[in-house]
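S.K.: start_10.txt is reproduced in full below (compact mmCIF, C-alpha atoms and all ligand atoms).
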```txt
# COMPACT_ATOMS: atom_id res chain seq x y z
CA MET A 1 12.18 -212.15 8.69
CA GLN A 2 12.27 -208.37 8.92
CA ASP A 3 8.89 -206.78 9.51
CA TYR A 4 7.47 -204.44 6.83
CA ARG A 5 7.46 -201.46 9.19
CA ASP A 6 11.12 -201.95 10.14
CA SER A 7 12.21 -202.17 6.50
CA ILE A 8 10.17 -199.14 5.48
CA ASN A 9 11.16 -197.08 8.51
CA ALA A 10 14.75 -197.32 7.38
CA VAL A 11 14.15 -195.82 3.93
CA VAL A 12 11.36 -193.23 4.09
CA GLN A 13 11.37 -189.49 4.66
CA CYS A 14 8.72 -186.80 4.26
CA PRO A 15 8.21 -186.26 0.51
CA PHE A 16 7.34 -182.59 1.08
CA CYS A 17 10.03 -181.32 3.45
CA ALA A 18 12.54 -184.23 3.53
CA CYS A 19 12.36 -184.38 7.34
CA ALA A 20 12.44 -187.59 9.35
CA LEU A 21 9.21 -189.50 10.02
CA GLN A 22 8.10 -190.91 13.34
CA GLU A 23 5.89 -193.96 13.53
CA LYS A 24 2.91 -193.40 15.82
CA ASP A 25 -0.50 -195.07 16.13
CA GLY A 26 -0.62 -196.55 12.63
CA GLU A 27 0.77 -193.44 10.97
CA PHE A 28 4.00 -191.79 10.01
CA LEU A 29 4.15 -188.26 11.37
CA CYS A 30 6.55 -185.75 9.82
CA SER A 31 8.79 -184.11 12.40
CA GLY A 32 9.03 -180.99 10.19
CA CYS A 33 5.78 -180.09 8.43
CA GLN A 34 3.60 -182.34 10.65
CA LYS A 35 1.94 -184.08 7.68
CA ARG A 36 0.52 -187.53 8.43
CA TYR A 37 0.86 -190.66 6.29
CA PRO A 38 -1.17 -193.85 6.94
CA LEU A 39 0.88 -196.98 7.70
CA THR A 40 -0.36 -200.57 7.97
CA VAL A 41 1.47 -203.88 8.29
CA VAL A 42 1.84 -204.06 4.49
CA ILE A 43 1.72 -200.52 3.09
CA ALA A 44 2.87 -196.96 3.79
CA ASP A 45 0.66 -194.49 1.94
CA PHE A 46 2.12 -191.11 0.97
CA VAL A 47 -0.74 -190.21 -1.40
CA GLU A 48 -4.09 -190.81 0.28
CA LEU A 49 -4.26 -187.76 2.55
CA GLN A 50 -2.53 -185.29 0.22
CA GLN A 51 -3.94 -182.67 -2.12
CA ARG A 52 -3.86 -183.71 -5.77
CA ASP A 53 -3.37 -181.69 -8.90
CA GLU A 54 -5.56 -182.41 -11.95
CA ILE A 55 -3.04 -184.75 -13.61
CA ALA A 56 -2.58 -186.87 -10.50
CA LYS A 57 -6.38 -187.00 -10.05
CA LYS A 58 -6.81 -188.22 -13.62
CA ALA A 59 -3.99 -190.78 -13.18
CA LEU A 60 -5.86 -192.19 -10.19
CA VAL A 61 -9.14 -192.41 -12.11
CA THR A 62 -7.42 -194.13 -15.03
CA TRP A 63 -5.13 -196.53 -13.19
CA GLY A 64 -6.10 -196.32 -9.50
CA GLU A 65 -8.00 -199.21 -8.07
CA ASN A 66 -8.53 -201.52 -11.01
CA LEU A 67 -5.25 -201.04 -12.76
CA HIS A 68 -5.14 -203.45 -15.66
CA HIS A 69 -7.69 -205.50 -13.68
CA VAL A 70 -4.96 -206.50 -11.21
CA SER A 71 -4.34 -210.07 -12.16
CA SER A 72 -4.13 -213.10 -9.88
CA ASP A 73 -0.80 -214.51 -8.71
CA GLU A 74 -0.90 -217.25 -11.34
CA ALA A 75 -1.51 -214.77 -14.13
CA VAL A 76 1.60 -212.74 -13.32
CA HIS A 77 3.81 -212.41 -16.36
CA SER A 78 6.47 -210.01 -17.46
CA GLY A 79 7.24 -208.52 -20.79
CA HIS A 80 8.92 -205.34 -19.75
CA PHE A 81 12.25 -206.48 -18.39
CA SER A 82 12.74 -208.62 -21.48
CA GLN A 83 12.47 -205.42 -23.53
CA PHE A 84 15.32 -203.91 -21.49
CA GLU A 85 17.25 -207.14 -22.05
CA ASP A 86 16.73 -206.79 -25.80
CA ALA A 87 17.84 -203.16 -25.63
CA PHE A 88 20.96 -203.56 -23.49
CA GLY A 89 21.88 -207.24 -23.71
CA SER A 90 24.45 -208.02 -21.05
CA GLY A 91 24.28 -204.33 -20.03
CA PHE A 92 20.92 -205.01 -18.34
CA PHE A 93 21.52 -206.80 -15.07
CA PHE A 94 21.11 -206.51 -11.31
CA ALA A 95 24.25 -207.27 -9.30
CA GLU A 96 23.97 -209.83 -6.50
CA GLY A 97 22.42 -208.53 -3.28
CA SER A 98 21.34 -205.16 -4.70
CA ARG A 99 18.52 -202.90 -3.62
CA VAL A 100 16.08 -202.11 -6.47
CA LEU A 101 13.27 -199.52 -6.68
CA GLU A 102 10.50 -199.76 -9.26
CA ILE A 103 8.59 -196.50 -9.82
CA GLY A 104 5.06 -196.83 -11.22
CA CYS A 105 4.83 -200.59 -10.73
CA GLY A 106 1.23 -200.74 -12.03
CA ALA A 107 -0.16 -204.25 -11.54
CA GLY A 108 3.20 -205.28 -10.09
CA GLU A 109 4.04 -207.85 -12.75
CA ASP A 110 7.67 -206.93 -13.25
CA ALA A 111 8.49 -206.44 -9.56
CA VAL A 112 6.87 -209.74 -8.55
CA LYS A 113 8.57 -211.69 -11.30
CA LEU A 114 11.96 -210.18 -10.43
CA ALA A 115 11.51 -210.78 -6.69
CA LYS A 116 10.52 -214.41 -7.23
CA SER A 117 13.38 -215.14 -9.60
CA ARG A 118 16.05 -213.26 -7.62
CA SER A 119 15.75 -213.90 -3.89
CA ASP A 120 19.08 -212.10 -3.35
CA LEU A 121 17.57 -208.74 -4.38
CA GLU A 122 15.67 -206.41 -2.06
CA ILE A 123 12.90 -204.78 -4.07
CA LEU A 124 10.66 -201.82 -3.31
CA ALA A 125 7.77 -201.24 -5.75
CA MET A 126 5.91 -197.94 -5.76
CA ASP A 127 2.88 -196.51 -7.53
CA ILE A 128 0.53 -193.57 -7.05
CA GLY A 129 -2.55 -195.83 -7.44
CA GLU A 130 -4.53 -197.36 -4.57
CA ASN A 131 -4.07 -200.75 -6.28
CA VAL A 132 -0.70 -201.05 -4.50
CA ARG A 133 -2.61 -201.84 -1.29
CA THR A 134 -4.16 -204.94 -2.89
CA LEU A 135 -0.79 -205.90 -4.34
CA ALA A 136 0.96 -205.53 -1.00
CA GLU A 137 -1.56 -207.85 0.62
CA ARG A 138 -1.52 -210.38 -2.20
CA PHE A 139 2.25 -210.67 -2.34
CA ARG A 140 2.94 -210.45 1.38
CA ALA A 141 4.61 -213.86 1.30
CA VAL A 142 7.26 -212.64 -1.17
CA VAL A 143 9.71 -211.60 1.53
CA ASN A 144 12.18 -209.66 -0.61
CA LEU A 145 9.46 -207.42 -2.11
CA HIS A 146 7.76 -204.48 -0.41
CA PHE A 147 5.24 -201.97 -1.73
CA ILE A 148 4.77 -198.30 -0.98
CA ARG A 149 2.25 -195.76 -2.29
CA GLY A 150 3.91 -192.56 -3.47
CA ASP A 151 4.34 -190.00 -6.22
CA ALA A 152 7.23 -190.20 -8.69
CA ARG A 153 7.60 -186.41 -8.58
CA LEU A 154 8.20 -186.37 -4.81
CA LEU A 155 9.62 -189.69 -3.73
CA PRO A 156 9.03 -190.37 -0.02
CA LEU A 157 12.52 -191.85 0.15
CA LYS A 158 15.89 -190.87 1.53
CA ALA A 159 18.73 -190.01 -0.86
CA ALA A 160 21.35 -192.49 -2.12
CA LEU A 161 19.53 -195.69 -1.09
CA PHE A 162 19.21 -197.78 -4.25
CA ASP A 163 21.63 -199.61 -6.51
CA TYR A 164 19.04 -199.65 -9.32
CA VAL A 165 15.89 -197.71 -10.16
CA VAL A 166 13.60 -199.01 -12.92
CA SER A 167 10.55 -197.35 -14.39
CA PHE A 168 8.51 -198.52 -17.31
CA GLY A 169 6.14 -196.09 -19.08
CA VAL A 170 5.36 -193.81 -16.14
CA PHE A 171 7.05 -190.38 -16.15
CA HIS A 172 5.50 -189.38 -19.51
CA HIS A 173 2.07 -189.58 -17.82
CA THR A 174 2.99 -186.97 -15.17
CA ASP A 175 3.08 -183.18 -15.43
CA ASP A 176 6.79 -183.10 -14.62
CA PRO A 177 8.92 -185.89 -16.15
CA GLU A 178 12.06 -183.76 -15.57
CA LYS A 179 11.43 -183.75 -11.81
CA CYS A 180 10.78 -187.51 -11.86
CA VAL A 181 14.19 -188.19 -13.43
CA LYS A 182 15.86 -185.84 -10.92
CA GLU A 183 14.21 -187.83 -8.13
CA VAL A 184 15.59 -191.05 -9.62
CA PHE A 185 19.07 -189.49 -9.52
CA ARG A 186 18.61 -188.40 -5.91
CA VAL A 187 17.62 -191.82 -4.56
CA LEU A 188 20.32 -193.72 -6.46
CA LYS A 189 23.58 -194.51 -4.72
CA THR A 190 26.75 -193.22 -6.37
CA GLY A 191 27.59 -195.96 -8.87
CA GLY A 192 23.89 -196.86 -9.17
CA THR A 193 22.03 -197.31 -12.45
CA ALA A 194 18.60 -196.27 -13.73
CA PHE A 195 16.65 -198.15 -16.42
CA VAL A 196 13.82 -196.03 -17.80
CA TYR A 197 11.38 -196.41 -20.69
CA LEU A 198 9.37 -193.48 -22.11
CA TYR A 199 7.34 -192.87 -25.27
CA LYS A 200 9.12 -191.58 -28.35
CA ASN A 201 7.71 -188.95 -30.71
CA HIS A 202 8.34 -191.01 -33.88
CA GLU A 203 10.37 -188.13 -35.35
CA ASP A 204 11.66 -190.45 -38.10
CA ASP A 205 8.34 -192.04 -39.09
CA LEU A 206 5.66 -190.01 -40.84
CA PHE A 207 3.14 -192.86 -40.66
CA LYS A 208 3.42 -193.18 -36.89
CA ARG A 209 3.50 -189.40 -36.42
CA SER A 210 0.08 -189.26 -38.02
CA GLY A 211 -0.96 -191.89 -35.46
CA ILE A 212 0.10 -189.48 -32.71
CA ILE A 213 -2.09 -186.76 -34.25
CA ALA A 214 -5.02 -189.23 -34.22
CA GLU A 215 -4.19 -190.09 -30.60
CA THR A 216 -4.16 -186.42 -29.60
CA LEU A 217 -7.51 -185.77 -31.31
CA LEU A 218 -9.10 -188.83 -29.69
CA MET A 219 -7.77 -187.77 -26.29
CA GLN A 220 -9.39 -184.35 -26.74
CA LEU A 221 -12.70 -186.02 -27.56
CA ILE A 222 -12.50 -188.51 -24.67
CA ARG A 223 -11.53 -185.82 -22.17
CA TYR A 224 -15.13 -184.64 -22.02
CA MET A 225 -16.65 -188.12 -21.53
CA PRO A 226 -17.44 -189.61 -18.14
CA HIS A 227 -14.80 -192.25 -17.30
CA ARG A 228 -17.07 -195.26 -17.85
CA MET A 229 -18.16 -193.97 -21.25
CA ALA A 230 -14.50 -193.36 -22.18
CA GLN A 231 -13.67 -196.95 -21.20
CA PHE A 232 -16.56 -198.21 -23.32
CA PHE A 233 -15.27 -196.10 -26.21
CA CYS A 234 -11.83 -197.79 -25.89
CA HIS A 235 -13.53 -201.21 -25.94
CA LEU A 236 -15.32 -200.28 -29.17
CA LEU A 237 -12.19 -198.79 -30.69
CA ALA A 238 -10.29 -202.04 -30.07
CA TRP A 239 -12.23 -203.69 -32.94
CA PRO A 240 -11.26 -201.30 -35.79
CA CYS A 241 -7.70 -201.22 -34.39
CA LEU A 242 -7.53 -204.99 -34.66
CA LEU A 243 -9.04 -204.98 -38.10
CA PHE A 244 -6.84 -202.24 -39.58
CA PHE A 245 -3.58 -202.73 -37.64
CA SER A 246 -3.14 -205.87 -35.52
CA TRP A 247 -4.54 -208.55 -37.84
CA PRO A 248 -2.89 -207.19 -41.03
CA ALA A 249 0.36 -206.95 -39.01
CA TRP A 250 -0.05 -210.57 -37.89
CA ILE A 251 -0.24 -211.65 -41.56
CA MET A 252 2.62 -209.37 -42.68
CA LYS A 253 4.93 -210.71 -39.98
CA ARG A 254 4.57 -214.16 -41.55
CA ILE A 255 5.64 -212.94 -45.00
CA PRO A 256 9.44 -212.46 -45.02
CA ARG A 257 9.37 -209.43 -47.34
CA LEU A 258 6.72 -207.68 -45.22
CA SER A 259 7.73 -208.75 -41.74
CA LYS A 260 9.60 -205.52 -40.96
CA LEU A 261 6.55 -203.46 -41.90
CA GLY A 262 4.33 -205.78 -39.84
CA ASN A 263 6.48 -205.22 -36.76
CA ALA A 264 6.28 -201.46 -37.31
CA MET A 265 2.47 -201.39 -37.37
CA PRO A 266 0.74 -199.85 -34.36
CA LEU A 267 -0.63 -202.52 -31.96
CA HIS A 268 1.06 -205.24 -34.04
CA TRP A 269 1.13 -207.64 -31.06
CA GLY A 270 -2.67 -207.69 -30.74
CA THR A 271 -4.65 -210.88 -31.27
CA SER A 272 -7.97 -210.10 -29.56
CA PRO A 273 -9.73 -206.93 -28.34
CA HIS A 274 -8.69 -207.83 -24.80
CA SER A 275 -5.01 -208.02 -25.77
CA ILE A 276 -4.88 -204.39 -26.94
CA TYR A 277 -7.45 -202.81 -24.64
CA GLY A 278 -4.91 -202.11 -21.84
CA ASP A 279 -2.64 -200.31 -24.27
CA LEU A 280 -5.48 -198.24 -25.73
CA GLU A 281 -6.56 -197.30 -22.23
CA ASP A 282 -3.01 -196.33 -21.22
CA ARG A 283 -2.70 -194.07 -24.26
CA LEU A 284 -6.16 -192.56 -24.62
CA LEU A 285 -7.32 -192.28 -21.02
CA ALA A 286 -3.95 -191.09 -19.70
CA PRO A 287 -3.93 -187.56 -18.25
CA VAL A 288 -1.07 -186.64 -20.55
CA ASN A 289 1.36 -188.37 -22.93
CA HIS A 290 4.70 -186.56 -23.16
CA ARG A 291 6.65 -187.84 -26.14
CA TYR A 292 10.37 -187.50 -26.69
CA SER A 293 12.78 -187.06 -29.54
CA TYR A 294 16.05 -188.95 -29.06
CA LYS A 295 17.82 -185.69 -28.20
CA LYS A 296 15.20 -184.50 -25.71
CA PHE A 297 15.11 -187.89 -24.00
CA LEU A 298 18.89 -187.91 -23.59
CA GLN A 299 18.76 -184.36 -22.24
CA LEU A 300 16.30 -185.40 -19.49
CA PHE A 301 19.04 -187.58 -17.99
CA ARG A 302 21.87 -185.10 -18.55
CA ASP A 303 19.87 -182.36 -16.83
CA ALA A 304 19.26 -184.64 -13.86
CA GLY A 305 23.01 -185.13 -13.38
CA PHE A 306 23.60 -188.50 -15.04
CA THR A 307 26.90 -188.67 -16.90
CA GLU A 308 27.06 -192.13 -18.42
CA ILE A 309 23.90 -192.56 -20.48
CA LYS A 310 23.03 -195.07 -23.18
CA VAL A 311 19.78 -194.71 -25.09
CA VAL A 312 18.31 -197.44 -27.27
CA THR A 313 15.23 -196.62 -29.35
CA GLY A 314 12.72 -199.40 -29.93
CA SER A 315 9.52 -199.50 -31.96
CA GLY A 316 7.41 -197.87 -29.22
CA GLY A 317 9.82 -195.73 -27.29
CA HIS A 318 13.22 -194.93 -25.83
CA TYR A 319 15.05 -197.07 -23.29
CA ALA A 320 17.72 -195.44 -21.12
CA ARG A 321 20.45 -196.97 -19.05
CA ALA A 322 21.89 -194.12 -17.01
CA ALA A 323 24.58 -194.37 -14.37
CA LYS A 324 25.12 -192.00 -11.46
CA LEU A 325 28.86 -191.61 -11.16
CA GLY A 326 30.83 -189.95 -8.38
C1 LIG B 1 1.03 -197.07 -18.23
S1 LIG B 1 1.02 -197.59 -16.57
C2 LIG B 1 2.53 -198.52 -16.49
C3 LIG B 1 2.52 -199.52 -15.38
C4 LIG B 1 3.70 -200.51 -15.34
N1 LIG B 1 4.98 -199.85 -15.20
C5 LIG B 1 3.67 -201.33 -16.61
O1 LIG B 1 4.54 -201.16 -17.44
O2 LIG B 1 2.75 -202.14 -16.74
C6 LIG B 1 1.47 -196.07 -15.76
C7 LIG B 1 1.59 -196.24 -14.25
O3 LIG B 1 2.15 -195.05 -13.70
C8 LIG B 1 1.48 -194.77 -12.50
N2 LIG B 1 1.65 -193.32 -12.24
C9 LIG B 1 1.10 -192.29 -12.92
N3 LIG B 1 1.50 -191.12 -12.38
C10 LIG B 1 2.32 -191.45 -11.35
C11 LIG B 1 3.05 -190.69 -10.39
N4 LIG B 1 3.02 -189.35 -10.41
N5 LIG B 1 3.77 -191.34 -9.48
C12 LIG B 1 3.83 -192.71 -9.45
N6 LIG B 1 3.16 -193.49 -10.32
C13 LIG B 1 2.42 -192.86 -11.25
C14 LIG B 1 0.04 -195.18 -12.78
O4 LIG B 1 -0.71 -195.34 -11.60
C15 LIG B 1 0.25 -196.46 -13.55
O5 LIG B 1 0.36 -197.57 -12.69
ZN ZN B 2 7.24 -182.91 6.20
```
Can you give me the file's structure in the form of structure tokens?
M.R.:
Amino acid sequence: MQDYRDSINAVVQCPFCACALQEKDGEFLCSGCQKRYPLTVVIADFVELQQRDEIAKKALVTWGENLHHVSSDEAVHSGHFSQFEDAFGSGFFFAEGSRVLEIGCGAGEDAVKLAKSRSDLEILAMDIGENVRTLAERFRAVVNLHFIRGDARLLPLKAALFDYVVSFGVFHHTDDPEKCVKEVFRVLKTGGTAFVYLYKNHEDDLFKRSGIIAETLLMQLIRYMPHRMAQFFCHLLAWPCLLFFSWPAWIMKRIPRLSKLGNAMPLHWGTSPHSIYGDLEDRLLAPVNHRYSYKKFLQLFRDAGFTEIKVVTGSGGHYARAAKLG
């Protein structure tokens, strides 16, 4: 079995100056700018010792250590890849023996599920949050999965390494989604494919657009609350959301004439406060929520250099399959 350090050594570079890194006394040392990055037997950390802008600081407060109350091994489930499957059908796949990067892996559910079901793949999962340390320790026995702590805007990775890059609901929470997509392009091999999900702006749906206005107003209000109070506020808010959206949607979905409307309701999948709390927290406590029209979303990928792009728009957002061709 290849050791974590050997595998990581082969793929990392300094995120700030792109120079080579040397492993020394439990750290990576940049041969160019001399920055240091902590390294243990399970995790390389390209975030801990660096300066953070306000958005990255807020991302760490919101998702950092307790991201989605990092679930136990048994509780691991995945809903996100199945959404890509719905969007692209047979166009969503990972070829045998490929190298896959997940950016913004959160609680690690998708990466773990993929690694366990596809032992032929070599998977690297990355997030800015300190929760990746816990994940790396917990899933140490999954030999085809490694974790790394890094920033999507400055990937600590060499160019042209991956056959696939996946990212689910991450770049819209950074101050520079354009840079994130350019980084995806850089680390993909020629012939590689990116699968990315981002929020849409509901340009075609007046009802949901008014929801975005409510979201923006609530975010302004919450911004001034201490984090714990803001979390408490989201817990309270879960009840009226259930009452006015999720439960009516549950009923509508069972009436054939209303089922389409039920599926279009915000938080229509909710059954209990707990089931929608994570989503409320992601939306309302996020540092920023960039939202995209179809055209603007497509342009993100064109500007990054992708030439073969397919966009599928679902009820919550846009899904892209973008290939890096020669
Ligand atoms: C809404 S959660 C999505 C998590 C996971 N992809 C999922 O679908 O459950 C957003 C994730 O993006 C991560 N994130 C935010 N800004 C980031 C950045 N600049 N670089 C890497 N990850 C970032 C957060 O820590 C968080 O885990
Ligand atoms: Zn450097």
S.K.: Residues up to 7 Å from ligand LIG 1 (chain B), counting all atoms listed in the file: could you list those as a ChimeraX atom specification?
M.R.: /A:56,59-60,63-64,67,80,103-107,126-129,150-153,167-171,173-174,282
S.K.: In Å, rounded to a single decimal, give me how far CA of Ala20 in chain A is from CA of Gly32 in chain A.
M.R.: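 CA of Gly32 in chain A sits 7.5 Å away from CA of Ala20 in chain A.
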S.K.: Could the residues that lie within 6 Å of ligand ZN 2 (chain B), counting all atoms listed in the file, be listed as JSON, numbers by chain?
M.R.: {"A": [14, 16, 17, 19, 30, 32, 33, 34, 35]}
S.K.: Now that the selection is made, can you save its residues with C-alpha atoms as a compact mmCIF listing (two decimals), keeping the file's coordinate frame?
M.R.:
```txt
# COMPACT_ATOMS: atom_id res chain seq x y z
CA CYS A 14 8.72 -186.80 4.26
CA PHE A 16 7.34 -182.59 1.08
CA CYS A 17 10.03 -181.32 3.45
CA CYS A 19 12.36 -184.38 7.34
CA CYS A 30 6.55 -185.75 9.82
CA GLY A 32 9.03 -180.99 10.19
CA CYS A 33 5.78 -180.09 8.43
CA GLN A 34 3.60 -182.34 10.65
CA LYS A 35 1.94 -184.08 7.68
```
S.K.: Considering all atoms listed in the file, tabulate each residue of range 191-249 of chain A that lies at most 12 Å from range 298-302 of chain A along with its nearest interatomic pair and the corresponding distance in Å to one decimal; arrange the rows by chain and ascending residue number and present them as a tab-separated table.
M.R.:
```
residue	atom	partner	partner_atom	distance
A:Thr193	CA	A:Phe301	CA	11.6
A:Ala194	CA	A:Phe301	CA	9.7
A:Phe195	CA	A:Phe301	CA	10.9
A:Val196	CA	A:Phe301	CA	9.9
A:Tyr197	CA	A:Leu298	CA	11.7
A:Leu198	CA	A:Leu300	CA	11.0
A:Lys200	CA	A:Leu298	CA	11.5
```
S.K.: What is the CA of Leu121 in chain A to CA of Leu145 in chain A distance in Å?
M.R.: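 Computing the Euclidean distance for CA of Leu121 in chain A and CA of Leu145 in chain A yields 8.5 Å.
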S.K.: Taking only C-alpha atoms into account, which of A:Gly192, A:Pro156, A:Gly270, A:Gly262 comes nearest Val100 in chain A?
M.R.: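 For Val100 in chain A, the nearest of the given residues is A:Gly192.
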S.K.: Might you pull out every residue within 10 Å of Phe94 in chain A, with all atoms listed in the file counted and same-chain residues fewer than 4 positions away left off, and present them as a list in words?
M.R.: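 Contacts, in chain order: Ser98, Arg99, Val100, Leu114, Arg118, Asp120, Leu121, Asp163, Tyr164 and Thr193 of chain A.
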S.K.: How many Å lie between CA of Asn144 in chain A and CA of Ser117 in chain A, rounded to one decimal?
M.R.: 10.6 Å
S.K.: Dig up all the protein and nucleic acid residues within 6 Å of (2.8, -201.2, 1.0) in the file frame, using all atoms listed in the file, and format them as a PyMOL selection string.
M.R.: chain A and resi 42-44+133+136+147-148
S.K.: With distances taken over all atoms listed in the file, which of A:Asp204, A:Glu281, A:Asp25, A:Glu54 is nearest to Gln231 in chain A?
M.R.: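 Counting all atoms listed in the file, the residue closest to Gln231 in chain A is A:Glu281.
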S.K.: Please put the answer as JSON: centre and edge lengths, in Å with one decimal, of a box along x, y and z that encloses all listed atoms of range 41-53 of chain A plus 4 Å on each side.
M.R.:
```
{"center_x": -0.7, "center_y": -192.9, "center_z": -0.3, "size_x": 15.1, "size_y": 30.4, "size_z": 25.2}
```
S.K.: Return the single residue from A:Leu242, A:Phe92, A:Phe81, A:Leu135 that is closest to Thr271 in chain A, with distances computed using all atoms listed in the file.
M.R.: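 Checking each candidate against Thr271 in chain A, we get A:Leu242 as the closest.
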S.K.: Using all atoms listed in the file, which residues sit within 10 Å of range 303-306 of chain A once same-chain residues fewer than 5 positions away are excluded, as a list in words?
M.R.: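 Residues near the query, excluding close chain neighbours: Glu178, Lys179, Cys180, Val181, Lys182, Glu183, Val184, Phe185, Arg186, Thr193, Ala194, Leu298, Arg321, Ala322, Ala323, Lys324, Leu325 and Gly326 of chain A.
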S.K.: Could you check which of A:Arg149, A:Asn131, A:Leu285, A:Lys189 is closest to His227 in chain A, using only C-alpha atoms?
M.R.: A:Leu285
S.K.: Rebuild range 3-15 of chain A to N, CA and C atoms - output it as an mmCIF file, in the frame of the given file, please.
M.R.:
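Here's the written file part36.cif:
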```cif
data_model
loop_
_atom_site.group_PDB
_atom_site.id
_atom_site.type_symbol
_atom_site.label_atom_id
_atom_site.label_comp_id
_atom_site.auth_asym_id
_atom_site.auth_seq_id
_atom_site.Cartn_x
_atom_site.Cartn_y
_atom_site.Cartn_z
ATOM 1 N N ASP A 3 10.244 -207.279 9.593
ATOM 2 C CA ASP A 3 8.890 -206.780 9.510
ATOM 3 C C ASP A 3 8.814 -205.635 8.485
ATOM 4 N N TYR A 4 7.635 -205.488 7.837
ATOM 5 C CA TYR A 4 7.470 -204.440 6.830
ATOM 6 C C TYR A 4 7.806 -203.058 7.405
ATOM 7 N N ARG A 5 7.255 -202.792 8.597
ATOM 8 C CA ARG A 5 7.460 -201.460 9.190
ATOM 9 C C ARG A 5 8.928 -201.164 9.427
ATOM 10 N N ASP A 6 9.686 -202.173 9.891
ATOM 11 C CA ASP A 6 11.120 -201.950 10.140
ATOM 12 C C ASP A 6 11.837 -201.613 8.832
ATOM 13 N N SER A 7 11.524 -202.401 7.778
ATOM 14 C CA SER A 7 12.210 -202.170 6.500
ATOM 15 C C SER A 7 11.868 -200.782 5.959
ATOM 16 N N ILE A 8 10.600 -200.409 6.056
ATOM 17 C CA ILE A 8 10.170 -199.140 5.480
ATOM 18 C C ILE A 8 10.681 -197.953 6.292
ATOM 19 N N ASN A 9 10.648 -198.117 7.610
ATOM 20 C CA ASN A 9 11.160 -197.080 8.510
ATOM 21 C C ASN A 9 12.568 -196.633 8.132
ATOM 22 N N ALA A 10 13.345 -197.606 7.669
ATOM 23 C CA ALA A 10 14.750 -197.320 7.380
ATOM 24 C C ALA A 10 14.937 -196.505 6.099
ATOM 25 N N VAL A 11 13.926 -196.465 5.236
ATOM 26 C CA VAL A 11 14.150 -195.820 3.930
ATOM 27 C C VAL A 11 13.315 -194.572 3.667
ATOM 28 N N VAL A 12 12.250 -194.345 4.449
ATOM 29 C CA VAL A 12 11.360 -193.230 4.090
ATOM 30 C C VAL A 12 11.749 -191.896 4.732
ATOM 31 N N GLN A 13 11.290 -190.828 4.090
ATOM 32 C CA GLN A 13 11.370 -189.490 4.660
ATOM 33 C C GLN A 13 10.156 -188.719 4.151
ATOM 34 N N CYS A 14 9.886 -187.568 4.719
ATOM 35 C CA CYS A 14 8.720 -186.800 4.260
ATOM 36 C C CYS A 14 8.951 -186.349 2.815
ATOM 37 N N PRO A 15 8.008 -186.663 1.910
ATOM 38 C CA PRO A 15 8.210 -186.260 0.510
ATOM 39 C C PRO A 15 8.153 -184.749 0.320
#
```
